[in-house]
Amino acid sequence: MKTYLVTGGAGFIGSNFILYMMKKYGDSIKIINVDKLTYAGNLENLKEVEHRDNYKFMKVDICDKDKILSIFNTYDIDIVIHFAAESHVDRSIKNPEVFVNTNVLGTLNLLTGAKQAWETEDGFKKGKKFVQVSTDEVYGELEDDEGFFYETTPLDPHSPYSASKTSADLLVKSYVDTFHFPANITRCSNNYGPYQFPEKLIPLMINNALNGKKLPVYGRGLNVRDWLYVDDHCKAIDIVAEGGPIGEVYNVGGHNEKKNIEIVNMVIDSLLEMLPEEDPRRKSISHDLITYVEDRKGHDFRYAIAPDKIKSDLGWEPETPFAKGIKLTIAWYLENMDWMERITKGEYQNYYKEMYRED
Ligand code: NAD
Ligand code: DAU
């Protein structure tokens, strides 16, 4: 039975990944979820699996080196799927330090733990794998509507968030180059789907629209992102963990570029289509809620992934068309408004006020 150490498993993609893996493999795998439970971590996402004998949660900060080393000494970990990170660009612009601590030093602790536990006299134990879940933001930005990010595109991060993720990727690369350490790096575009924290574009717009609040669009709303349904990302990570040759990097993208303003318009239209006629929230939802606000500092213009290598080498392709994924996502939020209410109480209110300078 393979044992997975999933870091950041209580976050958006991590919890979707654990649910995906438990559904796919059932009792034939074991998952240890290590998460500090920052504002972005929510164990409620994992209610469905928390009772299982083959699932274990540990509240651990990956910056705590001793704790990380002791986990590797206690459990025979086969696969590390490293999601744990500070993940929001806007927060990194205001407070970069925690990004360096978690994303860089935390990654180094995991590499150190895995290397110590997996090393043999002539290399590493068989069947071990470390997957660094990274981002297309390490490539910087595409300045116009042409071209794509390839795995060979030079690294050129712009925000403190993407700089910290790039640093972590380079540490992973250094372990591969120096020790032939069994790792892969995946670089994915923007994910969307259930359980995403409403600091990110899509859940923020859904939540604000349902509450009749302004929809804050940065700049002129013309920046482009390449959206991928989160389950498709989870599938890609599993495929890379299983079949990625040592040291390979894989770009993961949805072939689904959209301007931010298109996304916001689609959220509004889909909500109006999906809410029943008698739902009182319909009255306050309209395109008039769109409000253009000050642009993000250093706002990357366009991200677009060429996922050709993962398709040709490992047979992965995005499966969920955006028109379907956005409906699934909105349906999930409509059914889970209590989840949204619980996480937007308290600290979120302060974040929102400071970030958007309003109530
Ligand atoms: P998230 O912010 O929703 O979740 C991050 C999780 O990490 C949370 O559960 C948090 O509690 C945990 N965490 C933070 N600091 C920690 C620490 N010091 N020790 C242990 N746990 C800690 O993030 P996400 O959107 O799920 O992203 C997961 C990973 O995927 C990140 O590495 C991110 O860079 C990468 N990624 C995200 C996207 C996206 O669109 N969301 C796209 C590409 C790559
Ligand atoms: O590309 C992958 C990256 O995607 C991940 O590595 C990051 O962890 C993830 O947060 C995401 O980064 P972005 O900055 O692209 O995502 P965000 O949802 O914050 O913003 C998406 C776009 O929408 C971006 O151009 C900024 C804009 N935006 C965002 C918010 C929150 C707005 O116009 N208004 C908003 O209120």
# chains A, B, ... in the order shown; residues from 1 in each chain; ligands from 1

call {"tool": "residues_around", "arguments": {"residues": "Asp78 in chain A", "least_positions_apart": "4", "cutoff": "12 Å", "atoms": "only C-alpha atoms", "output": "list in words"}}
result
Met1, Lys2, Thr3, Tyr4, Leu5, Val6, Ile29, Lys30, Ile31, Ile32, Phe72, Ala114, Lys115, Ala117, Trp118, Phe124, Lys125, Lys126, Gly127, Lys128, Lys129, Phe130, Val131, Pro182, Ala183, Ala241 and Glu242 of chain A

call {"tool": "residues_near_ligand", "arguments": {"ligand": "ligand 2", "cutoff": "8 Å", "atoms": "only C-alpha atoms and all ligand atoms", "output": "PyMOL selection string"}}
result
chain A and resi 86-90+134-137+161-162+188-191+198-202+204-205+215-219+221+223-226+260-261+295-296+299-303

call {"tool": "select_by_dssp", "arguments": {"residues": "range 262-328 of chain A", "states": "strand (DSSP E)", "output": "list of chain:residue names"}}
result
A:Ile290, A:Thr291, A:Tyr292, A:Val293

call {"tool": "closest_atom_pairs", "arguments": {"of": "chain A", "to": "ligand 1", "cutoff": "7 Å", "atoms": "only C-alpha atoms and all ligand atoms", "output": "tab-separated table"}}
result
residue	atom	partner	partner_atom_place_in_ligand_line	distance
A:Thr7	CA	ligand 1	21 (N)	6.2
A:Gly8	CA	ligand 1	7 (O)	3.5
A:Gly9	CA	ligand 1	9 (O)	5.7
A:Ala10	CA	ligand 1	9 (O)	4.0
A:Gly11	CA	ligand 1	9 (O)	3.2
A:Phe12	CA	ligand 1	26 (O)	3.7
A:Ile13	CA	ligand 1	26 (O)	3.7
A:Gly14	CA	ligand 1	26 (O)	5.4
A:Val34	CA	ligand 1	20 (C)	6.2
A:Asp35	CA	ligand 1	21 (N)	3.7
A:Lys36	CA	ligand 1	20 (C)	3.9
A:Leu37	CA	ligand 1	11 (O)	3.6
A:Thr38	CA	ligand 1	11 (O)	3.9
A:Tyr39	CA	ligand 1	11 (O)	6.4
A:Ala40	CA	ligand 1	8 (C)	4.6
A:Gly41	CA	ligand 1	9 (O)	3.2
A:Asn42	CA	ligand 1	9 (O)	6.4
A:Val60	CA	ligand 1	20 (C)	5.7
A:Asp61	CA	ligand 1	19 (N)	3.5
A:Ile62	CA	ligand 1	19 (N)	4.0
A:Cys63	CA	ligand 1	18 (N)	5.5
A:His82	CA	ligand 1	32 (O)	6.9
A:Phe83	CA	ligand 1	29 (C)	4.0
A:Ala84	CA	ligand 1	7 (O)	3.6
A:Ala85	CA	ligand 1	14 (C)	4.5
A:Glu86	CA	ligand 1	14 (C)	5.1
A:Ser87	CA	ligand 1	2 (O)	4.6
A:His88	CA	ligand 1	2 (O)	6.7
A:Thr102	CA	ligand 1	18 (N)	4.5
A:Gly106	CA	ligand 1	18 (N)	6.4
A:Val133	CA	ligand 1	32 (O)	5.4
A:Ser134	CA	ligand 1	44 (C)	4.8
A:Thr135	CA	ligand 1	44 (C)	4.0
A:Asp136	CA	ligand 1	43 (C)	6.6
A:Lys165	CA	ligand 1	34 (O)	6.6
A:Arg187	CA	ligand 1	43 (C)	6.3
A:Cys188	CA	ligand 1	43 (C)	4.3
A:Ser189	CA	ligand 1	42 (C)	5.1
A:Asn190	CA	ligand 1	40 (O)	3.6
A:Asn191	CA	ligand 1	40 (O)	3.8
A:Tyr192	CA	ligand 1	40 (O)	6.6
A:Gln196	CA	ligand 1	3 (O)	6.2
A:Phe197	CA	ligand 1	3 (O)	6.1

call {"tool": "write_last_selection", "arguments": {"atoms": "C-alpha atoms", "output": "PDB file, in the first residue's frame"}}
result
ATOM      1  CA  THR A   7       1.096  18.952   2.378  1.00  0.00           C
ATOM      2  CA  GLY A   8      -1.499  21.743   2.408  1.00  0.00           C
ATOM      3  CA  GLY A   9      -4.259  19.161   2.066  1.00  0.00           C
ATOM      4  CA  ALA A  10      -6.807  21.380   3.829  1.00  0.00           C
ATOM      5  CA  GLY A  11      -6.500  24.103   1.174  1.00  0.00           C
ATOM      6  CA  PHE A  12      -8.379  24.438  -2.092  1.00  0.00           C
ATOM      7  CA  ILE A  13      -6.449  22.139  -4.444  1.00  0.00           C
ATOM      8  CA  GLY A  14      -5.078  19.919  -1.660  1.00  0.00           C
ATOM      9  CA  VAL A  34       0.055  17.803   6.923  1.00  0.00           C
ATOM     10  CA  ASP A  35      -1.349  21.321   7.147  1.00  0.00           C
ATOM     11  CA  LYS A  36      -0.757  24.336   9.396  1.00  0.00           C
ATOM     12  CA  LEU A  37      -4.381  25.456   8.972  1.00  0.00           C
ATOM     13  CA  THR A  38      -3.713  29.054   8.049  1.00  0.00           C
ATOM     14  CA  TYR A  39      -6.698  31.239   7.066  1.00  0.00           C
ATOM     15  CA  ALA A  40      -6.734  29.191   3.811  1.00  0.00           C
ATOM     16  CA  GLY A  41      -6.886  25.752   5.431  1.00  0.00           C
ATOM     17  CA  ASN A  42     -10.283  24.296   6.293  1.00  0.00           C
ATOM     18  CA  VAL A  60       2.007  20.844  11.321  1.00  0.00           C
ATOM     19  CA  ASP A  61       3.837  23.891  10.022  1.00  0.00           C
ATOM     20  CA  ILE A  62       6.225  22.810   7.243  1.00  0.00           C
ATOM     21  CA  CYS A  63       8.635  25.450   8.554  1.00  0.00           C
ATOM     22  CA  HIS A  82       3.649  19.269  -1.947  1.00  0.00           C
ATOM     23  CA  PHE A  83       0.811  21.803  -2.115  1.00  0.00           C
ATOM     24  CA  ALA A  84       1.387  23.726   1.146  1.00  0.00           C
ATOM     25  CA  ALA A  85       2.057  27.352   0.322  1.00  0.00           C
ATOM     26  CA  GLU A  86       0.996  30.904   0.770  1.00  0.00           C
ATOM     27  CA  SER A  87      -0.850  31.187  -2.524  1.00  0.00           C
ATOM     28  CA  HIS A  88      -2.386  34.649  -2.989  1.00  0.00           C
ATOM     29  CA  THR A 102       6.592  28.780   3.892  1.00  0.00           C
ATOM     30  CA  GLY A 106       9.189  24.934   4.091  1.00  0.00           C
ATOM     31  CA  VAL A 133       3.088  21.578  -7.199  1.00  0.00           C
ATOM     32  CA  SER A 134       4.104  24.815  -8.831  1.00  0.00           C
ATOM     33  CA  THR A 135       2.561  27.486 -10.967  1.00  0.00           C
ATOM     34  CA  ASP A 136       2.733  29.027 -14.439  1.00  0.00           C
ATOM     35  CA  LYS A 165       7.511  29.562  -5.897  1.00  0.00           C
ATOM     36  CA  ARG A 187       3.358  24.119 -13.290  1.00  0.00           C
ATOM     37  CA  CYS A 188      -0.336  24.735 -13.518  1.00  0.00           C
ATOM     38  CA  SER A 189      -2.498  27.626 -14.651  1.00  0.00           C
ATOM     39  CA  ASN A 190      -5.404  29.141 -12.661  1.00  0.00           C
ATOM     40  CA  ASN A 191      -7.613  26.533 -11.001  1.00  0.00           C
ATOM     41  CA  TYR A 192     -11.296  26.932 -10.187  1.00  0.00           C
ATOM     42  CA  GLN A 196     -11.725  27.774  -3.280  1.00  0.00           C
ATOM     43  CA  PHE A 197     -11.200  30.549  -0.754  1.00  0.00           C
TER      44      PHE A 197
END

call {"tool": "closest_residue", "arguments": {"among": "A:Val252, A:Glu347, A:Asp238, A:Leu43", "to": "Phe148 in chain A", "atoms": "only C-alpha atoms"}}
result
A:Val252

call {"tool": "residues_around", "arguments": {"residues": "Lys173 in chain A", "least_positions_apart": "5", "cutoff": "12 Å", "atoms": "only C-alpha atoms", "output": "ChimeraX atom specification"}}
result
/A:107-108,111,130-132,166-168,178-185,246-249

call {"tool": "closest_atom_pairs", "arguments": {"of": "range 181-223 of chain A", "to": "range 270-286 of chain A", "cutoff": "10 Å", "atoms": "only C-alpha atoms", "output": "JSON lines"}}
result
{"residue": "A:Ile206", "atom": "CA", "partner": "A:Leu271", "partner_atom": "CA", "distance": 8.0}
{"residue": "A:Asn208", "atom": "CA", "partner": "A:Ile285", "partner_atom": "CA", "distance": 9.3}
{"residue": "A:Ala209", "atom": "CA", "partner": "A:Ile285", "partner_atom": "CA", "distance": 5.8}
{"residue": "A:Leu210", "atom": "CA", "partner": "A:Arg281", "partner_atom": "CA", "distance": 6.1}
{"residue": "A:Asn211", "atom": "CA", "partner": "A:Arg281", "partner_atom": "CA", "distance": 7.2}
{"residue": "A:Gly212", "atom": "CA", "partner": "A:Ser284", "partner_atom": "CA", "distance": 5.1}
{"residue": "A:Lys213", "atom": "CA", "partner": "A:Ser284", "partner_atom": "CA", "distance": 8.5}
{"residue": "A:Lys214", "atom": "CA", "partner": "A:Ile285", "partner_atom": "CA", "distance": 9.7}

call {"tool": "write_last_selection", "arguments": {"atoms": "N, CA and C atoms", "output": "short mmCIF file (atom, residue, chain, number, x, y, z; two decimals), in the first residue's frame"}}
result
data_model
loop_
_atom_site.label_atom_id
_atom_site.label_comp_id
_atom_site.auth_asym_id
_atom_site.auth_seq_id
_atom_site.Cartn_x
_atom_site.Cartn_y
_atom_site.Cartn_z
N ILE A 206 -18.56 35.25 -7.11
CA ILE A 206 -19.81 34.52 -6.82
C ILE A 206 -20.38 35.02 -5.48
N ASN A 208 -19.73 37.82 -3.76
CA ASN A 208 -20.16 39.23 -3.77
C ASN A 208 -21.49 39.38 -4.51
N ALA A 209 -21.60 38.73 -5.67
CA ALA A 209 -22.84 38.87 -6.45
C ALA A 209 -24.04 38.36 -5.65
N LEU A 210 -23.86 37.23 -4.98
CA LEU A 210 -24.98 36.67 -4.21
C LEU A 210 -25.38 37.57 -3.04
N ASN A 211 -24.42 38.40 -2.62
CA ASN A 211 -24.72 39.33 -1.52
C ASN A 211 -25.00 40.74 -2.01
N GLY A 212 -25.15 40.89 -3.33
CA GLY A 212 -25.46 42.20 -3.91
C GLY A 212 -24.35 43.21 -3.72
N LYS A 213 -23.10 42.70 -3.56
CA LYS A 213 -21.96 43.62 -3.35
C LYS A 213 -21.25 43.91 -4.66
N LYS A 214 -20.51 45.03 -4.68
CA LYS A 214 -19.76 45.40 -5.89
C LYS A 214 -18.81 44.29 -6.31
#

call {"tool": "select_by_dssp", "arguments": {"residues": "range 111-345 of chain A", "states": "helix (DSSP H, G or I)", "output": "mmCIF file with C-alpha atoms, in the first residue's frame"}}
result
data_model
loop_
_atom_site.group_PDB
_atom_site.id
_atom_site.type_symbol
_atom_site.label_atom_id
_atom_site.label_comp_id
_atom_site.auth_asym_id
_atom_site.auth_seq_id
_atom_site.Cartn_x
_atom_site.Cartn_y
_atom_site.Cartn_z
ATOM 1 C CA LEU A 111 13.249 17.963 0.565
ATOM 2 C CA THR A 112 15.612 17.401 3.500
ATOM 3 C CA GLY A 113 13.195 15.006 5.216
ATOM 4 C CA ALA A 114 12.467 13.029 2.057
ATOM 5 C CA LYS A 115 16.145 12.816 1.071
ATOM 6 C CA GLN A 116 17.183 11.535 4.522
ATOM 7 C CA ALA A 117 14.418 8.947 4.617
ATOM 8 C CA TRP A 118 14.760 7.724 1.033
ATOM 9 C CA ASP A 136 2.733 29.027 -14.439
ATOM 10 C CA GLU A 137 3.501 32.345 -12.687
ATOM 11 C CA VAL A 138 7.170 31.305 -12.465
ATOM 12 C CA TYR A 139 7.420 32.133 -16.194
ATOM 13 C CA PRO A 160 6.856 38.024 -4.345
ATOM 14 C CA TYR A 161 4.517 34.994 -4.535
ATOM 15 C CA SER A 162 5.866 33.824 -7.888
ATOM 16 C CA ALA A 163 9.448 34.613 -6.851
ATOM 17 C CA SER A 164 9.026 32.378 -3.805
ATOM 18 C CA LYS A 165 7.511 29.562 -5.897
ATOM 19 C CA THR A 166 10.370 29.892 -8.414
ATOM 20 C CA SER A 167 12.894 29.681 -5.576
ATOM 21 C CA ALA A 168 11.226 26.500 -4.341
ATOM 22 C CA ASP A 169 11.256 25.038 -7.868
ATOM 23 C CA LEU A 170 14.970 25.794 -8.125
ATOM 24 C CA LEU A 171 15.629 24.043 -4.815
ATOM 25 C CA VAL A 172 13.797 20.975 -6.124
ATOM 26 C CA LYS A 173 15.842 21.180 -9.344
ATOM 27 C CA SER A 174 19.035 21.468 -7.324
ATOM 28 C CA TYR A 175 18.156 18.216 -5.480
ATOM 29 C CA VAL A 176 17.522 16.477 -8.802
ATOM 30 C CA ASP A 177 20.738 17.810 -10.342
ATOM 31 C CA THR A 178 22.936 17.199 -7.301
ATOM 32 C CA PHE A 179 21.562 13.941 -5.893
ATOM 33 C CA LEU A 201 -11.357 35.870 -8.523
ATOM 34 C CA ILE A 202 -14.139 33.339 -9.181
ATOM 35 C CA PRO A 203 -15.367 32.564 -5.626
ATOM 36 C CA LEU A 204 -15.009 36.236 -4.663
ATOM 37 C CA MET A 205 -17.253 37.271 -7.563
ATOM 38 C CA ILE A 206 -19.808 34.521 -6.816
ATOM 39 C CA ASN A 207 -19.986 35.480 -3.146
ATOM 40 C CA ASN A 208 -20.159 39.227 -3.767
ATOM 41 C CA ALA A 209 -22.836 38.868 -6.452
ATOM 42 C CA LEU A 210 -24.984 36.668 -4.210
ATOM 43 C CA VAL A 230 -9.503 21.611 -10.265
ATOM 44 C CA ASP A 231 -10.336 17.909 -10.801
ATOM 45 C CA ASP A 232 -8.428 17.966 -14.072
ATOM 46 C CA HIS A 233 -5.421 19.344 -12.191
ATOM 47 C CA CYS A 234 -5.714 16.607 -9.536
ATOM 48 C CA LYS A 235 -5.725 13.971 -12.256
ATOM 49 C CA ALA A 236 -2.595 15.488 -13.821
ATOM 50 C CA ILE A 237 -0.739 15.440 -10.490
ATOM 51 C CA ASP A 238 -1.600 11.778 -9.928
ATOM 52 C CA ILE A 239 -0.415 10.909 -13.454
ATOM 53 C CA VAL A 240 2.865 12.769 -12.960
ATOM 54 C CA ALA A 241 3.439 11.140 -9.549
ATOM 55 C CA GLU A 242 2.900 7.738 -11.143
ATOM 56 C CA GLY A 243 4.693 8.115 -14.450
ATOM 57 C CA ASN A 260 -11.053 38.689 -16.354
ATOM 58 C CA ILE A 261 -14.053 40.756 -17.435
ATOM 59 C CA GLU A 262 -15.365 37.794 -19.455
ATOM 60 C CA ILE A 263 -15.139 35.631 -16.336
ATOM 61 C CA VAL A 264 -17.035 38.170 -14.242
ATOM 62 C CA ASN A 265 -19.742 38.510 -16.909
ATOM 63 C CA MET A 266 -20.083 34.722 -17.122
ATOM 64 C CA VAL A 267 -20.432 34.439 -13.340
ATOM 65 C CA ILE A 268 -23.257 37.014 -13.372
ATOM 66 C CA ASP A 269 -25.043 35.400 -16.332
ATOM 67 C CA SER A 270 -24.701 31.876 -14.913
ATOM 68 C CA LEU A 271 -26.031 32.953 -11.511
ATOM 69 C CA LEU A 272 -29.073 34.545 -13.134
ATOM 70 C CA GLU A 273 -29.625 31.409 -15.193
ATOM 71 C CA MET A 274 -29.209 29.013 -12.269
ATOM 72 C CA PRO A 280 -34.801 37.027 -3.667
ATOM 73 C CA ARG A 281 -31.052 37.342 -4.409
ATOM 74 C CA ARG A 282 -31.783 37.628 -8.157
ATOM 75 C CA LYS A 283 -33.049 41.199 -7.693
ATOM 76 C CA SER A 284 -29.656 42.593 -6.719
ATOM 77 C CA HIS A 287 -23.837 43.720 -14.555
ATOM 78 C CA ASP A 288 -24.154 47.113 -12.810
ATOM 79 C CA LEU A 289 -22.348 45.570 -9.830
ATOM 80 C CA ASP A 308 1.773 19.580 -25.057
ATOM 81 C CA LYS A 309 4.474 17.729 -23.127
ATOM 82 C CA ILE A 310 2.194 16.208 -20.487
ATOM 83 C CA LYS A 311 -0.154 15.134 -23.297
ATOM 84 C CA SER A 312 2.506 13.519 -25.466
ATOM 85 C CA ASP A 313 4.552 11.952 -22.630
ATOM 86 C CA LEU A 314 1.876 10.976 -20.130
ATOM 87 C CA PHE A 322 -15.201 25.884 -19.003
ATOM 88 C CA ALA A 323 -18.942 26.179 -19.712
ATOM 89 C CA LYS A 324 -19.464 22.958 -17.744
ATOM 90 C CA GLY A 325 -16.866 23.644 -15.026
ATOM 91 C CA ILE A 326 -18.230 27.070 -14.160
ATOM 92 C CA LYS A 327 -21.751 25.658 -13.768
ATOM 93 C CA LEU A 328 -20.466 22.835 -11.539
ATOM 94 C CA THR A 329 -18.577 25.402 -9.486
ATOM 95 C CA ILE A 330 -21.491 27.811 -9.092
ATOM 96 C CA ALA A 331 -23.838 24.923 -8.258
ATOM 97 C CA TRP A 332 -21.414 23.826 -5.524
ATOM 98 C CA TYR A 333 -21.264 27.325 -4.014
ATOM 99 C CA LEU A 334 -25.055 27.675 -4.146
ATOM 100 C CA GLU A 335 -25.407 24.383 -2.275
ATOM 101 C CA MET A 337 -23.519 28.887 1.198
ATOM 102 C CA ASP A 338 -23.105 27.926 4.865
ATOM 103 C CA TRP A 339 -19.456 26.968 4.095
ATOM 104 C CA MET A 340 -18.980 30.380 2.507
ATOM 105 C CA GLU A 341 -20.693 32.176 5.417
ATOM 106 C CA ARG A 342 -18.474 30.485 7.993
ATOM 107 C CA ILE A 343 -15.217 31.401 6.252
ATOM 108 C CA THR A 344 -16.196 34.962 5.402
#

call {"tool": "closest_residue", "arguments": {"among": "A:Ile71, A:Ile81, A:Leu110, A:Ile305", "to": "Phe17 in chain A", "atoms": "only C-alpha atoms"}}
result
A:Ile81

call {"tool": "residues_around", "arguments": {"residues": "Tyr150 in chain A", "least_positions_apart": "4", "cutoff": "8 Å", "atoms": "only C-alpha atoms", "output": "mmCIF file with N, CA and C atoms, in the first residue's frame"}}
result
data_model
loop_
_atom_site.group_PDB
_atom_site.id
_atom_site.type_symbol
_atom_site.label_atom_id
_atom_site.label_comp_id
_atom_site.auth_asym_id
_atom_site.auth_seq_id
_atom_site.Cartn_x
_atom_site.Cartn_y
_atom_site.Cartn_z
ATOM 1 N N ASN A 251 4.058 21.298 -17.641
ATOM 2 C CA ASN A 251 3.062 22.370 -17.609
ATOM 3 C C ASN A 251 1.675 21.756 -17.690
ATOM 4 N N ILE A 305 -0.787 28.422 -20.968
ATOM 5 C CA ILE A 305 0.066 27.230 -20.867
ATOM 6 C C ILE A 305 -0.045 26.393 -22.140
ATOM 7 N N ALA A 306 1.100 25.882 -22.585
ATOM 8 C CA ALA A 306 1.076 24.852 -23.626
ATOM 9 C C ALA A 306 1.254 23.506 -22.921
ATOM 10 N N PRO A 307 0.163 22.740 -22.778
ATOM 11 C CA PRO A 307 0.301 21.463 -22.048
ATOM 12 C C PRO A 307 0.675 20.300 -22.983
#

call {"tool": "closest_residue", "arguments": {"among": "A:Gly253, A:Gly123, A:Pro245, A:Pro96", "to": "Phe149 in chain A", "atoms": "only C-alpha atoms"}}
result
A:Gly253
